[in-house]
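Text of the file model39.txt, holding compact mmCIF, N, CA and C atoms:
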# COMPACT_ATOMS: atom_id res chain seq x y z
N MET A 288 -74.25 6.86 77.15
CA MET A 288 -75.67 7.12 77.28
C MET A 288 -76.29 7.18 75.89
N SER A 289 -77.44 6.59 75.79
CA SER A 289 -78.12 6.57 74.50
C SER A 289 -78.82 7.90 74.25
N THR A 290 -78.77 8.37 73.02
CA THR A 290 -79.40 9.65 72.70
C THR A 290 -80.77 9.49 72.05
N HIS A 291 -81.23 8.27 71.88
CA HIS A 291 -82.51 8.08 71.20
C HIS A 291 -83.70 8.51 72.06
N LEU A 292 -83.50 8.74 73.35
CA LEU A 292 -84.58 9.18 74.22
C LEU A 292 -84.70 10.71 74.26
N LEU A 293 -83.71 11.40 73.75
CA LEU A 293 -83.74 12.86 73.77
C LEU A 293 -84.70 13.38 72.70
N PRO A 294 -85.43 14.45 73.02
CA PRO A 294 -86.35 15.00 72.01
C PRO A 294 -85.59 15.58 70.82
N VAL A 295 -86.16 15.41 69.68
CA VAL A 295 -85.56 15.93 68.46
C VAL A 295 -86.35 17.16 68.04
N ARG A 296 -85.66 18.26 67.85
CA ARG A 296 -86.34 19.49 67.43
C ARG A 296 -86.15 19.67 65.93
N HIS A 297 -87.26 19.83 65.26
CA HIS A 297 -87.22 20.08 63.83
C HIS A 297 -87.47 21.56 63.61
N THR A 298 -86.60 22.18 62.88
CA THR A 298 -86.79 23.59 62.58
C THR A 298 -87.58 23.70 61.29
N ALA A 299 -88.77 24.19 61.41
CA ALA A 299 -89.65 24.32 60.24
C ALA A 299 -89.39 25.65 59.55
N GLN A 300 -89.44 25.63 58.25
CA GLN A 300 -89.33 26.87 57.49
C GLN A 300 -90.64 27.64 57.63
N ARG A 301 -90.54 28.94 57.92
CA ARG A 301 -91.74 29.75 58.06
C ARG A 301 -91.93 30.57 56.81
N SER A 302 -93.15 30.60 56.35
CA SER A 302 -93.46 31.35 55.15
C SER A 302 -93.50 32.84 55.46
N PRO A 303 -93.16 33.69 54.52
CA PRO A 303 -93.26 35.14 54.74
C PRO A 303 -94.69 35.57 55.06
N PHE A 304 -95.67 34.85 54.51
CA PHE A 304 -97.06 35.17 54.80
C PHE A 304 -97.40 34.90 56.26
N THR A 305 -96.79 33.86 56.82
CA THR A 305 -97.00 33.57 58.24
C THR A 305 -96.44 34.69 59.09
N GLU A 306 -95.29 35.20 58.71
CA GLU A 306 -94.67 36.31 59.45
C GLU A 306 -95.56 37.55 59.39
N ILE A 307 -96.11 37.83 58.21
CA ILE A 307 -96.98 39.00 58.06
C ILE A 307 -98.25 38.83 58.89
N ARG A 308 -98.82 37.64 58.86
CA ARG A 308 -100.04 37.37 59.62
C ARG A 308 -99.78 37.53 61.12
N GLU A 309 -98.66 37.01 61.59
CA GLU A 309 -98.33 37.12 63.01
C GLU A 309 -98.06 38.57 63.41
N ALA A 310 -97.44 39.35 62.52
CA ALA A 310 -97.19 40.76 62.81
C ALA A 310 -98.51 41.52 62.90
N ARG A 311 -99.44 41.23 62.01
CA ARG A 311 -100.76 41.87 62.07
C ARG A 311 -101.49 41.50 63.35
N HIS A 312 -101.40 40.24 63.71
CA HIS A 312 -102.05 39.78 64.93
C HIS A 312 -101.45 40.48 66.15
N GLN A 313 -100.14 40.61 66.16
CA GLN A 313 -99.45 41.29 67.27
C GLN A 313 -99.88 42.75 67.35
N ARG A 314 -99.98 43.43 66.21
CA ARG A 314 -100.43 44.83 66.20
C ARG A 314 -101.85 44.96 66.70
N ALA A 315 -102.71 44.01 66.33
CA ALA A 315 -104.10 44.03 66.80
C ALA A 315 -104.16 43.84 68.31
N LEU A 316 -103.34 42.94 68.84
CA LEU A 316 -103.32 42.75 70.28
C LEU A 316 -102.84 44.00 71.01
N VAL A 317 -101.81 44.64 70.49
CA VAL A 317 -101.30 45.86 71.11
C VAL A 317 -102.34 46.96 71.05
N ALA A 318 -103.03 47.10 69.93
CA ALA A 318 -104.06 48.12 69.78
C ALA A 318 -105.21 47.89 70.76
N SER A 319 -105.64 46.64 70.91
CA SER A 319 -106.74 46.38 71.84
C SER A 319 -106.30 46.58 73.27
N ALA A 320 -105.09 46.21 73.60
CA ALA A 320 -104.59 46.43 74.96
C ALA A 320 -104.48 47.92 75.26
N THR A 321 -104.04 48.70 74.28
CA THR A 321 -103.95 50.15 74.45
C THR A 321 -105.33 50.75 74.66
N GLY A 322 -106.31 50.27 73.92
CA GLY A 322 -107.68 50.75 74.09
C GLY A 322 -108.22 50.43 75.46
N ILE A 323 -107.96 49.23 75.94
CA ILE A 323 -108.43 48.83 77.27
C ILE A 323 -107.79 49.71 78.34
N VAL A 324 -106.51 49.96 78.22
CA VAL A 324 -105.81 50.81 79.19
C VAL A 324 -106.36 52.23 79.14
N SER A 325 -106.62 52.75 77.97
CA SER A 325 -107.15 54.11 77.83
C SER A 325 -108.52 54.24 78.49
N VAL A 326 -109.38 53.28 78.25
CA VAL A 326 -110.73 53.32 78.85
C VAL A 326 -110.63 53.19 80.36
N THR A 327 -109.75 52.34 80.83
CA THR A 327 -109.58 52.17 82.28
C THR A 327 -109.08 53.45 82.93
N VAL A 328 -108.10 54.08 82.33
CA VAL A 328 -107.56 55.33 82.89
C VAL A 328 -108.62 56.42 82.87
N ALA A 329 -109.37 56.53 81.79
CA ALA A 329 -110.42 57.55 81.71
C ALA A 329 -111.49 57.32 82.77
N SER A 330 -111.91 56.06 82.96
CA SER A 330 -112.93 55.79 83.96
C SER A 330 -112.42 56.04 85.37
N LEU A 331 -111.18 55.72 85.64
CA LEU A 331 -110.60 56.01 86.95
C LEU A 331 -110.52 57.51 87.20
N ALA A 332 -110.19 58.26 86.16
CA ALA A 332 -110.14 59.72 86.30
C ALA A 332 -111.52 60.28 86.59
N LEU A 333 -112.55 59.79 85.91
CA LEU A 333 -113.92 60.25 86.16
C LEU A 333 -114.38 59.91 87.56
N VAL A 334 -114.07 58.70 88.02
CA VAL A 334 -114.44 58.31 89.39
C VAL A 334 -113.71 59.18 90.41
N THR A 335 -112.43 59.42 90.17
CA THR A 335 -111.65 60.26 91.10
C THR A 335 -112.21 61.67 91.15
N LEU A 336 -112.53 62.24 89.99
CA LEU A 336 -113.11 63.59 89.96
C LEU A 336 -114.49 63.60 90.60
N GLY A 337 -115.25 62.54 90.38
CA GLY A 337 -116.58 62.45 90.96
C GLY A 337 -116.54 62.37 92.48
N LEU A 338 -115.58 61.61 93.00
CA LEU A 338 -115.46 61.48 94.46
C LEU A 338 -114.90 62.74 95.09
N GLY A 339 -114.12 63.47 94.32
CA GLY A 339 -113.51 64.71 94.85
C GLY A 339 -114.48 65.87 94.85
N ALA A 340 -115.55 65.78 94.11
CA ALA A 340 -116.48 66.91 94.01
C ALA A 340 -117.39 67.01 95.21
The structure in this file should be written as structure tokens.
Amino acid sequence: MSTHLLPVRHTAQRSPFTEIREARHQRALVASATGIVSVTVASLALVTLGLGA
């Protein structure tokens, strides 16, 4: 079987700056997701307390 039809994967060297940028981006995503969850939980608690009153 010929192997010229198989995809060739090139492993690119990643710069340390790229790693730092991606880590910052990941932290920003986690922080925003945490904020969204916090606001959602707080609003659900207020609605639950409001309906219970």
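Across the model, the gap from atom C of A:Val317 to atom N of A:Ser302 is 23.8 Å.
Here atom CA of A:Ala340 stands at a distance of 25.9 Å from atom CA of A:Ile323.
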Report, in Å to a single decimal, how far apart atom CA of A:Leu336 and atom CA of A:Gly322 are.
21.1 Å
Would you give the centre and edge lengths, in Å to one decimal, of a box along x, y and z around the listed atoms of stretch 300-313 of chain A, with 8 Å added to each side, as JSON?
{"center_x": -95.7, "center_y": 34.2, "center_z": 60.9, "size_x": 28.7, "size_y": 33.1, "size_z": 28.8}
